[in-house]
Structure formats: C-alpha cells, structure tokens
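Next comes query_22.txt, with compact mmCIF, C-alpha atoms and all ligand atoms.
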```txt
# COMPACT_ATOMS: atom_id res chain seq x y z
CA MET A 1 14.77 -0.52 3.85
CA ALA A 2 13.80 -0.35 0.22
CA LEU A 3 10.17 0.28 -0.61
CA TYR A 4 8.36 -3.05 -0.95
CA THR A 5 5.41 -3.81 -3.19
CA MET A 6 2.18 -5.51 -2.15
CA LYS A 7 2.98 -8.22 -4.70
CA GLU A 8 6.24 -9.05 -2.93
CA LEU A 9 4.62 -9.06 0.51
CA LEU A 10 1.68 -11.22 -0.56
CA ARG A 11 3.95 -13.65 -2.40
CA ASP A 12 5.67 -14.43 0.90
CA ALA A 13 2.32 -14.54 2.72
CA GLU A 14 1.09 -17.09 0.19
CA LYS A 15 4.22 -19.20 0.59
CA ARG A 16 4.11 -19.18 4.40
CA ARG A 17 0.31 -19.02 4.67
CA TYR A 18 -0.35 -15.91 6.75
CA GLY A 19 -2.24 -12.63 6.28
CA VAL A 20 -0.74 -9.18 5.77
CA GLY A 21 -2.59 -6.24 7.32
CA PHE A 22 -3.56 -3.21 5.25
CA PHE A 23 -4.35 -0.05 7.21
CA ASN A 24 -5.72 3.22 5.85
CA ALA A 25 -4.10 6.46 6.97
CA VAL A 26 -5.08 10.10 6.62
CA ASN A 27 -2.27 11.75 8.60
CA MET A 28 1.23 11.33 9.97
CA GLU A 29 0.09 9.96 13.34
CA MET A 30 -1.72 7.07 11.69
CA VAL A 31 1.26 6.29 9.45
CA ARG A 32 3.59 6.35 12.44
CA ALA A 33 1.25 4.19 14.53
CA TYR A 34 1.13 1.47 11.85
CA ILE A 35 4.87 1.44 11.20
CA ARG A 36 5.66 1.39 14.92
CA ALA A 37 3.26 -1.55 15.34
CA ALA A 38 4.85 -3.45 12.45
CA GLU A 39 8.35 -2.83 13.80
CA GLU A 40 7.28 -3.89 17.29
CA CYS A 41 5.87 -7.15 15.86
CA ALA A 42 8.65 -7.67 13.28
CA SER A 43 5.83 -7.89 10.75
CA PRO A 44 5.42 -6.80 7.14
CA ILE A 45 2.61 -4.29 6.63
CA ILE A 46 0.76 -2.42 3.88
CA ILE A 47 -0.29 1.20 4.42
CA GLY A 48 -2.24 3.51 2.16
CA THR A 49 -5.28 5.67 1.66
CA ALA A 50 -8.51 5.62 -0.37
CA GLU A 51 -10.18 8.06 -2.73
CA SER A 52 -13.01 8.81 -0.26
CA LEU A 53 -10.46 9.61 2.48
CA LEU A 54 -8.65 12.30 0.51
CA ILE A 55 -10.95 14.94 2.04
CA TYR A 56 -9.24 14.18 5.39
CA GLY A 57 -5.69 13.66 4.17
CA ASP A 58 -4.73 15.49 1.00
CA PHE A 59 -3.03 13.15 -1.48
CA ASP A 60 -0.08 15.44 -2.23
CA TRP A 61 0.69 15.95 1.47
CA LEU A 62 0.09 12.41 2.64
CA SER A 63 1.80 10.42 -0.12
CA PRO A 64 5.37 11.67 0.51
CA VAL A 65 4.88 10.96 4.23
CA MET A 66 3.77 7.37 3.57
CA LEU A 67 6.42 6.64 0.94
CA ASP A 68 9.23 8.12 3.03
CA ALA A 69 8.10 6.32 6.20
CA ALA A 70 7.90 3.04 4.26
CA ARG A 71 11.46 3.47 2.98
CA ARG A 72 12.81 4.25 6.45
CA ALA A 73 11.01 1.42 8.27
CA LYS A 74 12.94 -1.50 9.75
CA VAL A 75 10.38 -3.95 8.34
CA PRO A 76 9.00 -4.45 4.80
CA VAL A 77 6.30 -1.84 4.09
CA ALA A 78 4.28 -1.47 0.88
CA VAL A 79 2.21 1.59 -0.06
CA HIS A 80 -1.15 0.90 -1.72
CA MET A 81 -4.01 3.04 -3.03
CA ASP A 82 -7.25 1.56 -1.67
CA HIS A 83 -10.81 1.87 -3.20
CA SER A 84 -10.46 4.26 -6.10
CA TYR A 85 -13.04 4.95 -8.74
CA SER A 86 -11.59 7.76 -10.82
CA PHE A 87 -8.91 7.38 -13.45
CA GLU A 88 -7.19 10.57 -12.23
CA VAL A 89 -6.66 9.33 -8.66
CA LEU A 90 -5.40 5.94 -9.86
CA MET A 91 -2.92 7.52 -12.26
CA LYS A 92 -1.73 9.96 -9.60
CA ALA A 93 -0.98 7.06 -7.25
CA LEU A 94 0.95 5.23 -9.96
CA ARG A 95 2.94 8.35 -10.85
CA SER A 96 3.75 8.93 -7.17
CA GLY A 97 5.36 5.50 -6.83
CA TYR A 98 2.66 3.41 -5.12
CA GLY A 99 3.44 -0.25 -5.83
CA SER A 100 -0.24 -1.15 -6.17
CA ILE A 101 -3.67 0.38 -6.61
CA MET A 102 -7.25 -0.79 -6.20
CA PHE A 103 -9.80 -0.07 -8.89
CA ASP A 104 -13.27 -0.65 -7.46
CA GLY A 105 -15.53 -1.34 -10.40
CA THR A 106 -18.44 -2.67 -8.34
CA ARG A 107 -20.42 0.57 -8.81
CA LEU A 108 -20.33 0.27 -12.59
CA PRO A 109 -23.67 -0.62 -14.21
CA SER A 110 -22.77 -4.22 -15.08
CA HIS A 111 -20.37 -7.08 -14.45
CA GLU A 112 -19.13 -6.74 -18.04
CA ASP A 113 -18.28 -3.08 -17.39
CA ASN A 114 -16.28 -4.11 -14.30
CA VAL A 115 -14.37 -6.69 -16.38
CA ARG A 116 -13.70 -4.30 -19.26
CA VAL A 117 -12.51 -1.29 -17.22
CA SER A 118 -10.53 -3.45 -14.75
CA ALA A 119 -8.73 -5.14 -17.66
CA ASP A 120 -7.81 -1.74 -19.13
CA ILE A 121 -6.43 -0.50 -15.80
CA VAL A 122 -4.48 -3.75 -15.32
CA ARG A 123 -2.62 -3.00 -18.56
CA ILE A 124 -1.77 0.52 -17.41
CA ALA A 125 -0.70 -0.60 -13.91
CA HIS A 126 1.49 -3.37 -15.34
CA ALA A 127 3.07 -1.00 -17.83
CA MET A 128 4.02 1.16 -14.84
CA GLY A 129 5.41 -1.85 -12.94
CA ALA A 130 2.56 -1.82 -10.39
CA GLY A 131 -0.10 -4.34 -9.32
CA LEU A 132 -3.89 -3.96 -9.46
CA GLU A 133 -6.47 -5.07 -6.89
CA CYS A 134 -10.05 -5.47 -8.13
CA GLU A 135 -13.29 -6.45 -6.41
CA ILE A 136 -15.88 -9.01 -7.45
CA GLY A 137 -19.21 -9.32 -5.72
CA SER A 138 -19.59 -6.32 -3.44
CA VAL A 139 -18.51 -5.66 0.15
CA GLY A 140 -21.21 -3.25 1.31
CA GLY A 141 -21.07 -0.33 3.71
CA LEU A 142 -19.11 2.30 1.78
CA ARG A 143 -20.95 5.41 0.61
CA ASP A 144 -20.52 7.22 -2.69
CA ALA A 145 -20.22 11.01 -3.09
CA GLU A 146 -24.05 11.32 -2.99
CA GLY A 147 -24.25 9.32 0.26
CA ARG A 148 -25.68 6.14 -1.31
CA GLU A 149 -24.50 3.03 0.56
CA ASP A 150 -23.02 0.08 -1.37
CA GLN A 151 -25.10 -3.08 -0.92
CA THR A 152 -23.53 -6.45 -0.14
CA ALA A 153 -23.43 -9.08 -2.90
CA TYR A 154 -21.60 -12.33 -2.12
CA THR A 155 -18.85 -13.36 -4.52
CA ASP A 156 -19.68 -16.28 -6.78
CA PRO A 157 -16.62 -18.62 -6.98
CA ASP A 158 -16.97 -19.34 -10.73
CA GLU A 159 -17.52 -15.68 -11.54
CA ALA A 160 -14.43 -14.78 -9.45
CA ALA A 161 -12.27 -17.26 -11.38
CA GLU A 162 -13.56 -15.96 -14.70
CA PHE A 163 -13.05 -12.35 -13.60
CA ALA A 164 -9.44 -12.92 -12.51
CA GLU A 165 -8.68 -14.74 -15.75
CA ARG A 166 -10.25 -12.16 -18.05
CA THR A 167 -8.90 -9.05 -16.30
CA GLY A 168 -5.42 -10.31 -15.41
CA CYS A 169 -5.73 -8.56 -12.02
CA ASP A 170 -3.04 -9.24 -9.40
CA PHE A 171 -5.18 -9.35 -6.25
CA LEU A 172 -8.88 -9.98 -5.80
CA ALA A 173 -11.15 -8.60 -3.08
CA VAL A 174 -14.02 -10.96 -2.33
CA SER A 175 -17.33 -10.61 -0.52
CA ILE A 176 -18.02 -13.40 1.99
CA GLY A 177 -20.11 -11.59 4.62
CA THR A 178 -17.96 -8.70 5.79
CA GLN A 179 -18.98 -5.04 5.55
CA HIS A 180 -17.11 -1.75 5.74
CA GLY A 181 -17.59 0.32 8.91
CA VAL A 182 -19.32 -0.59 12.17
CA TYR A 183 -21.42 -3.78 11.99
CA LYS A 184 -25.13 -3.42 12.80
CA ALA A 185 -25.38 -7.16 13.52
CA THR A 186 -22.77 -9.83 14.25
CA PRO A 187 -21.22 -10.76 10.90
CA LYS A 188 -21.52 -14.39 9.77
CA LEU A 189 -18.75 -15.23 7.37
CA ASP A 190 -19.22 -17.79 4.61
CA ILE A 191 -15.94 -19.73 4.99
CA PRO A 192 -16.98 -22.63 2.68
CA ARG A 193 -17.55 -20.03 -0.05
CA LEU A 194 -14.12 -18.51 0.63
CA LYS A 195 -12.50 -21.94 0.30
CA GLN A 196 -14.29 -22.55 -3.00
CA ILE A 197 -13.07 -19.19 -4.30
CA ALA A 198 -9.50 -19.89 -3.11
CA ALA A 199 -9.54 -23.25 -4.90
CA LYS A 200 -10.51 -21.64 -8.20
CA VAL A 201 -8.64 -18.30 -8.15
CA ASP A 202 -4.87 -18.12 -8.53
CA VAL A 203 -4.23 -14.55 -7.33
CA PRO A 204 -4.01 -13.55 -3.62
CA LEU A 205 -7.42 -12.90 -2.04
CA VAL A 206 -8.25 -9.76 -0.06
CA LEU A 207 -10.72 -9.35 2.82
CA HIS A 208 -12.27 -5.89 3.18
CA GLY A 209 -14.21 -4.70 6.22
CA GLY A 210 -11.81 -6.19 8.78
CA SER A 211 -13.04 -4.04 11.69
CA GLY A 212 -15.38 -5.65 14.20
CA LEU A 213 -14.57 -9.25 13.27
CA SER A 214 -13.80 -11.82 15.95
CA ASP A 215 -10.39 -13.40 16.49
CA ASP A 216 -11.80 -16.65 15.10
CA ASP A 217 -13.05 -14.85 11.98
CA PHE A 218 -9.48 -13.77 11.25
CA ARG A 219 -8.03 -17.20 11.94
CA ASN A 220 -10.66 -18.85 9.73
CA THR A 221 -10.34 -16.39 6.85
CA VAL A 222 -6.53 -16.56 6.81
CA ALA A 223 -6.69 -20.37 7.00
CA GLY A 224 -9.29 -20.24 4.19
CA GLY A 225 -6.94 -18.37 1.84
CA ILE A 226 -7.15 -14.64 2.63
CA ARG A 227 -3.71 -13.04 2.26
CA LYS A 228 -4.49 -9.34 2.82
CA VAL A 229 -6.82 -8.03 5.52
CA ASN A 230 -8.07 -4.42 5.30
CA VAL A 231 -8.71 -2.56 8.54
CA TYR A 232 -9.65 1.07 9.08
CA THR A 233 -12.68 1.71 11.35
CA ASP A 234 -11.16 -0.12 14.34
CA MET A 235 -8.18 2.25 14.22
CA LEU A 236 -10.53 5.25 14.39
CA LEU A 237 -12.38 3.67 17.31
CA ALA A 238 -9.12 3.04 19.20
CA ALA A 239 -8.13 6.69 18.75
CA LYS A 240 -11.63 7.87 19.73
CA LYS A 241 -11.50 5.90 22.99
CA ALA A 242 -8.08 7.30 23.91
CA ILE A 243 -9.28 10.84 23.25
CA ALA A 244 -12.52 10.35 25.21
CA GLU A 245 -10.57 9.02 28.20
CA ASN A 246 -8.40 12.16 28.31
CA PRO A 247 -10.82 15.09 28.09
CA ASP A 248 -8.35 17.57 29.59
CA ALA A 249 -5.38 16.74 27.39
CA ILE A 250 -4.08 19.41 25.04
CA TYR A 251 -4.12 18.85 21.28
CA THR A 252 -0.48 17.75 20.95
CA ASP A 253 -0.86 15.20 23.74
CA LEU A 254 -4.13 13.97 22.24
CA ASN A 255 -2.24 13.28 19.01
CA LEU A 256 0.24 11.12 20.88
CA LEU A 257 -2.45 9.34 22.90
CA ALA A 258 -4.37 8.55 19.72
CA GLU A 259 -1.21 7.39 17.96
CA ASN A 260 -0.27 5.05 20.82
CA ALA A 261 -3.79 3.59 20.95
CA MET A 262 -3.77 2.96 17.20
CA LYS A 263 -0.31 1.43 17.45
CA ASP A 264 -1.53 -1.07 20.06
CA ALA A 265 -4.73 -1.85 18.12
CA CYS A 266 -2.75 -2.35 14.91
CA ALA A 267 -0.19 -4.62 16.63
CA ALA A 268 -3.02 -6.78 18.03
CA LYS A 269 -4.37 -7.29 14.48
CA LEU A 270 -0.95 -8.12 13.03
CA LYS A 271 -0.59 -10.87 15.62
CA LEU A 272 -4.02 -12.28 14.75
CA PHE A 273 -3.20 -12.33 11.03
CA GLY A 274 -0.12 -14.46 11.78
CA SER A 275 2.37 -11.98 10.34
CA GLU A 276 4.28 -11.42 13.59
CA GLY A 277 7.94 -12.38 13.18
CA LYS A 278 7.57 -12.73 9.38
CA ALA A 279 9.51 -9.52 8.49
P1 LIG A 301 -13.25 -1.30 7.89
O1 LIG A 301 -13.25 0.20 8.02
O2 LIG A 301 -14.58 -1.90 8.09
O3 LIG A 301 -12.18 -1.92 8.72
O4 LIG A 301 -12.87 -1.63 6.36
C1 LIG A 301 -11.63 -1.27 5.89
C2 LIG A 301 -11.51 -1.58 4.45
O5 LIG A 301 -11.96 -2.59 3.97
C3 LIG A 301 -10.81 -0.60 3.61
O6 LIG A 301 -10.81 -0.97 2.27
```
Go ahead and express the file in the form of structure tokens.
Ligand code: 13P
Amino acid sequence: MALYTMKELLRDAEKRRYGVGFFNAVNMEMVRAYIRAAEECASPIIIGTAESLLIYGDFDWLSPVMLDAARRAKVPVAVHMDHSYSFEVLMKALRSGYGSIMFDGTRLPSHEDNVRVSADIVRIAHAMGAGLECEIGSVGGLRDAEGREDQTAYTDPDEAAEFAERTGCDFLAVSIGTQHGVYKATPKLDIPRLKQIAAKVDVPLVLHGGSGLSDDDFRNTVAGGIRKVNVYTDMLLAAKKAIAENPDAIYTDLNLLAENAMKDACAAKLKLFGSEGKA
C-alpha cells in the first residue's frame, strides 16, 4: 500500500467517529508487532518514535524500517514523529518522509512562546506537505534530558481554541487527566472538559499517556472526541512479561516472544479504540 499520512487517517476517524492508535517503536520487532496487529484487526494504525527514544533506536536505522514496513503493509499505516523539542530532529523527520511531526512546546517558558514557535513550525511542515501536532496544557510524566519530570496542567478549552486558531496546527494533544508512563494512582479523566474542548476546537484531538487506562476510559475519550490515542508503556510491559515468563529462552526466541506479546497487546487496544475493520 502507499504510505498514508496521519491527516488522511484522522480524517476518516473523524468522519466515522473512532480512534486511531499511535504506537512508539525503537526497533524492528516493535514495528512488526504493530503492523501485524493492525493487519490482524484490519485497522489503520500510526507508528513512529520520539526524540527521547532515539537513544534506544537510532533515527537513521529505524526510519527506513518504519517507512518501508508502512509501505508494504496490507492496511493504511502512517509514520509520525512523536514528542520532539529540537528543530534538527523535526527537520530530519520531515526530510525522511514522515507525514507528520509533533512539536512539544510545553517546556518553553511561556504560552506565548509555545504559540510563536508552534506557528513557525506549522509553516515549515505545511511547506513540506506534512502535518503538525502540538500540545496545549501539559500531559505530565515525561522527563527532560536533565531528568526533570513534566508536571500535569489541564487544558483550558478556550485557550485550546485560541491556540489552534493562532498556530494553524493540524492536530492538538490535550491534557484531561492522563499521564505518560506507569500511573501512581488510578487516573480520573475529565470527560466534560474533553467535550468542551472538542466543541471549540476544529482539528483532531490527541490523547497522550494511553497506557494503564481502563476500557471505559478509552470508550469515553473516543466518544468525547479523541481521534488519536498514544500508547507506549503498555507495549513495554507486555514484552517484559513475556520475557520474564521465559527465563531460559535464548535471545532470538525472546525477540519473537516479546514481538508476539506486543502484537496481542496492540491488537487489544485497536479493538478498544473502535478502529477494527476500518482499514
Ligand atoms: P504511555 O507511555 O503512557 O502510553 O504514553 C505514550 C505517549 O503518550 C507517547 O506520546
């Protein structure tokens, strides 16, 4: 199949009111697990990586694997660059043929800085025929290069509408109570807030921190207007469990065991997001 863009996939998701899963990869086994899951479920899918993950999966090695796998898949697959902060990484992703990138401006000193830099990167992404995801409010849990953890700040609906309007971004990540990584307490999602944001913002909304949420959380967020759901940690945990259950397996078999476990975990999420059979 041709390489799809996140914009194309989310346009259909918006029309038919379901969520598309986004899964981060750092190696070939993860890429293969996600594409196998999507093919098994006849579901569209978005795969990609993030700036902080490049220490595990080198950009120049991983990108050709993802792009080639996306082109050869039997279902629509888009390749996206997740949380990126540096201009160099964003431009590298655009030059490599990613259909979309995420500029995370939530660590900039002020809201105005986030608006200004996001708007500049929108112009560059559009000039390259790609889409830009931005974030407003802050989904906590990620750590910067110095180990400082991002704090959660809920998205204000009016601020989100103003941000989308002023930046011209294509997709907007919102903060409604999720966090990246393993939850320390049961998350309580603010669905009324999500609905208010969805009523005011025209671009597709993105939910980060999809690991550890309940089945109902996914149903409610997709029904509330989320069109892309990001998941990473749960894939690592599925692989970890498979490896722990097979302490005597050799490395090559461990790779396969981990891949199969991630494939099953990914397929289960795709079903929950309502994208099964939508390819
Ligand atoms: P989790 O690792 O919590 O699933 O978050 C993934 C994510 O939001 C990537 O951007």
Quick one: which chain A residues come within 9 Å of ligand LIG 301 (chain A), and what is the nearest atom pair for each with the distance in Å to one decimal, counting all atoms listed in the file, rows ordered by chain and ascending number, as JSON lines?
```
{"residue": "A:Phe22", "atom": "CA", "partner": "A:LIG301", "partner_atom": "C3", "distance": 7.9}
{"residue": "A:Phe23", "atom": "CA", "partner": "A:LIG301", "partner_atom": "C3", "distance": 7.4}
{"residue": "A:Asn24", "atom": "CA", "partner": "A:LIG301", "partner_atom": "C3", "distance": 6.7}
{"residue": "A:Thr49", "atom": "CA", "partner": "A:LIG301", "partner_atom": "C3", "distance": 8.6}
{"residue": "A:Ala50", "atom": "CA", "partner": "A:LIG301", "partner_atom": "O6", "distance": 7.5}
{"residue": "A:Asp82", "atom": "CA", "partner": "A:LIG301", "partner_atom": "O6", "distance": 5.9}
{"residue": "A:His83", "atom": "CA", "partner": "A:LIG301", "partner_atom": "O6", "distance": 6.2}
{"residue": "A:Val139", "atom": "CA", "partner": "A:LIG301", "partner_atom": "O5", "distance": 8.2}
{"residue": "A:Gly141", "atom": "CA", "partner": "A:LIG301", "partner_atom": "O2", "distance": 8.0}
{"residue": "A:Leu142", "atom": "CA", "partner": "A:LIG301", "partner_atom": "O4", "distance": 8.7}
{"residue": "A:Thr178", "atom": "CA", "partner": "A:LIG301", "partner_atom": "O2", "distance": 7.9}
{"residue": "A:Gln179", "atom": "CA", "partner": "A:LIG301", "partner_atom": "O2", "distance": 6.0}
{"residue": "A:His180", "atom": "CA", "partner": "A:LIG301", "partner_atom": "O2", "distance": 3.5}
{"residue": "A:Gly181", "atom": "CA", "partner": "A:LIG301", "partner_atom": "O2", "distance": 3.8}
{"residue": "A:Val182", "atom": "CA", "partner": "A:LIG301", "partner_atom": "O2", "distance": 6.4}
{"residue": "A:Tyr183", "atom": "CA", "partner": "A:LIG301", "partner_atom": "O2", "distance": 8.1}
{"residue": "A:Leu207", "atom": "CA", "partner": "A:LIG301", "partner_atom": "O5", "distance": 7.0}
{"residue": "A:His208", "atom": "CA", "partner": "A:LIG301", "partner_atom": "O5", "distance": 3.4}
{"residue": "A:Gly209", "atom": "CA", "partner": "A:LIG301", "partner_atom": "O4", "distance": 3.4}
{"residue": "A:Gly210", "atom": "CA", "partner": "A:LIG301", "partner_atom": "O3", "distance": 4.3}
{"residue": "A:Ser211", "atom": "CA", "partner": "A:LIG301", "partner_atom": "O3", "distance": 3.7}
{"residue": "A:Gly212", "atom": "CA", "partner": "A:LIG301", "partner_atom": "O2", "distance": 7.2}
{"residue": "A:Leu213", "atom": "CA", "partner": "A:LIG301", "partner_atom": "O3", "distance": 9.0}
{"residue": "A:Val229", "atom": "CA", "partner": "A:LIG301", "partner_atom": "O5", "distance": 7.6}
{"residue": "A:Asn230", "atom": "CA", "partner": "A:LIG301", "partner_atom": "O5", "distance": 4.5}
{"residue": "A:Val231", "atom": "CA", "partner": "A:LIG301", "partner_atom": "O3", "distance": 3.5}
{"residue": "A:Tyr232", "atom": "CA", "partner": "A:LIG301", "partner_atom": "O1", "distance": 3.9}
{"residue": "A:Thr233", "atom": "CA", "partner": "A:LIG301", "partner_atom": "O1", "distance": 3.7}
{"residue": "A:Asp234", "atom": "CA", "partner": "A:LIG301", "partner_atom": "O3", "distance": 6.0}
{"residue": "A:Met235", "atom": "CA", "partner": "A:LIG301", "partner_atom": "O3", "distance": 8.0}
{"residue": "A:Leu236", "atom": "CA", "partner": "A:LIG301", "partner_atom": "O1", "distance": 8.6}
```
(request) Determine the nearest neighbour of Ser84 in chain A from the options A:Ala268, A:Ala127, A:Leu53, A:Leu254, counting only C-alpha atoms. (result)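 Smallest distance to Ser84 in chain A is found for A:Leu53.
Of the listed residues (A:Val89, A:Ala38, A:Leu94, A:Leu270), A:Ala38 comes nearest to Val77 in chain A; the distances count all atoms listed in the file.
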(message) Using all atoms listed in the file, which protein or nucleic acid residues come within 10 Å of Asn114 in chain A? Drop anything in the same chain fewer than 5 positions from it, and give the result as JSON, numbers by chain.
(response) {"A": [103, 104, 105, 106, 107, 108, 109, 119, 134, 135, 136, 163, 167]}
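Across the model, the gap from CA of Ala42 in chain A to CA of Ala2 in chain A is 15.8 Å.
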(message) Could you tell me how far CA of Ile46 in chain A sits from CA of Ala13 in chain A, in Å to one decimal place?
(response)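 Distance reported for this atom pair: 12.3 Å.
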(request) Using all atoms listed in the file, find the one residue out of A:Lys195, A:Arg36, A:Lys15, A:Arg219 that sits nearest to Cys266 in chain A. (result)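 Of all the options, A:Arg36 lies closest to Cys266 in chain A.
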(message) One decimal, in Å: what's the spacing between CA of Arg95 in chain A and CA of Ser118 in chain A?
(response)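 Taking CA of Arg95 in chain A as the start and CA of Ser118 in chain A as the end point, the length is 18.3 Å.
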(message) Applying 10 Å and only C-alpha atoms, which residues near range 26-35 of chain A remain after dropping the ones on its own chain fewer than 2 positions away? List them as a PyMOL selection string.
(response) chain A and resi 21-24+37-41+43-50+53-59+61-63+65-67+69-70+72-77+235-236+239+255-267+270
(message) Measuring between only C-alpha atoms, which one of A:Tyr85, A:Arg16, A:Leu9, A:Lys200 shows the shortest distance to Gly131 in chain A?
(response)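 Using only C-alpha atoms, the shortest distance to Gly131 in chain A belongs to A:Leu9.
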(message) Let me make sure I understand: among A:Ala242, A:Ala25, A:Ala78, A:Ala198, which one has the smallest atom-to-atom distance to Ser52 in chain A if we use all atoms listed in the file?
(response) A:Ala25
(message) With all atoms listed in the file as the counted atoms, please give the residues lying no more than 9 Å from Tyr18 in chain A, apart from itself and same-chain residues fewer than 5 positions off, as a VMD selection string.
(response) chain A and resid 10 12 to 13 222 to 223 225 to 228 273 to 275 278
(message) Please determine, counting only C-alpha atoms, which residue among A:Ala130, A:Ile197, A:Ala244, A:Ile121 has the shortest atom-to-atom distance to Leu172 in chain A.
(response)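 Nearest candidate to Leu172 in chain A out of A:Ala130, A:Ile197, A:Ala244, A:Ile121: A:Ile197.
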Mind rebuilding range 29-48 of chain A with N, CA, C and O atoms and writing that out as a compact mmCIF listing (two decimals), keeping the file's coordinate frame?
```
# COMPACT_ATOMS: atom_id res chain seq x y z
N GLU A 29 0.21 10.77 12.12
CA GLU A 29 0.09 9.96 13.34
C GLU A 29 -0.35 8.53 13.01
O GLU A 29 0.11 7.57 13.63
N MET A 30 -1.25 8.41 12.06
CA MET A 30 -1.72 7.07 11.69
C MET A 30 -0.59 6.29 11.02
O MET A 30 -0.35 5.12 11.33
N VAL A 31 0.13 6.95 10.13
CA VAL A 31 1.26 6.29 9.45
C VAL A 31 2.27 5.81 10.49
O VAL A 31 2.74 4.67 10.47
N ARG A 32 2.59 6.70 11.42
CA ARG A 32 3.59 6.35 12.44
C ARG A 32 3.09 5.22 13.34
O ARG A 32 3.86 4.32 13.69
N ALA A 33 1.82 5.26 13.69
CA ALA A 33 1.25 4.19 14.53
C ALA A 33 1.41 2.83 13.86
O ALA A 33 1.84 1.86 14.49
N TYR A 34 1.09 2.76 12.56
CA TYR A 34 1.13 1.47 11.85
C TYR A 34 2.57 0.97 11.72
O TYR A 34 2.85 -0.21 11.91
N ILE A 35 3.48 1.89 11.39
CA ILE A 35 4.87 1.44 11.20
C ILE A 35 5.48 1.04 12.54
O ILE A 35 6.20 0.03 12.62
N ARG A 36 5.16 1.78 13.58
CA ARG A 36 5.66 1.39 14.92
C ARG A 36 5.13 0.00 15.29
O ARG A 36 5.86 -0.83 15.83
N ALA A 37 3.85 -0.24 15.02
CA ALA A 37 3.26 -1.55 15.34
C ALA A 37 3.96 -2.66 14.57
O ALA A 37 4.30 -3.71 15.13
N ALA A 38 4.20 -2.42 13.29
CA ALA A 38 4.85 -3.45 12.45
C ALA A 38 6.27 -3.70 12.95
O ALA A 38 6.71 -4.86 13.02
N GLU A 39 6.97 -2.64 13.31
CA GLU A 39 8.35 -2.83 13.80
C GLU A 39 8.34 -3.58 15.13
O GLU A 39 9.15 -4.47 15.35
N GLU A 40 7.40 -3.22 15.99
CA GLU A 40 7.28 -3.89 17.29
C GLU A 40 7.02 -5.39 17.10
O GLU A 40 7.51 -6.22 17.87
N CYS A 41 6.24 -5.74 16.09
CA CYS A 41 5.87 -7.15 15.86
C CYS A 41 6.80 -7.84 14.86
O CYS A 41 6.55 -9.01 14.53
N ALA A 42 7.79 -7.13 14.36
CA ALA A 42 8.65 -7.67 13.28
C ALA A 42 7.78 -8.25 12.17
O ALA A 42 7.94 -9.40 11.74
N SER A 43 6.82 -7.44 11.73
CA SER A 43 5.83 -7.89 10.75
C SER A 43 5.87 -7.04 9.49
O SER A 43 6.05 -5.82 9.58
N PRO A 44 5.64 -7.64 8.33
CA PRO A 44 5.42 -6.80 7.14
C PRO A 44 4.07 -6.11 7.27
O PRO A 44 3.20 -6.59 8.01
N ILE A 45 3.88 -5.02 6.55
CA ILE A 45 2.61 -4.29 6.63
C ILE A 45 2.38 -3.52 5.33
O ILE A 45 3.35 -3.20 4.63
N ILE A 46 1.11 -3.25 5.04
CA ILE A 46 0.76 -2.42 3.88
C ILE A 46 -0.01 -1.21 4.41
O ILE A 46 -0.94 -1.37 5.21
N ILE A 47 0.42 -0.02 4.01
CA ILE A 47 -0.29 1.20 4.42
C ILE A 47 -0.77 1.91 3.15
O ILE A 47 -0.26 1.66 2.06
N GLY A 48 -1.75 2.80 3.34
CA GLY A 48 -2.24 3.51 2.16
C GLY A 48 -3.41 4.40 2.51
O GLY A 48 -3.70 4.65 3.68
```
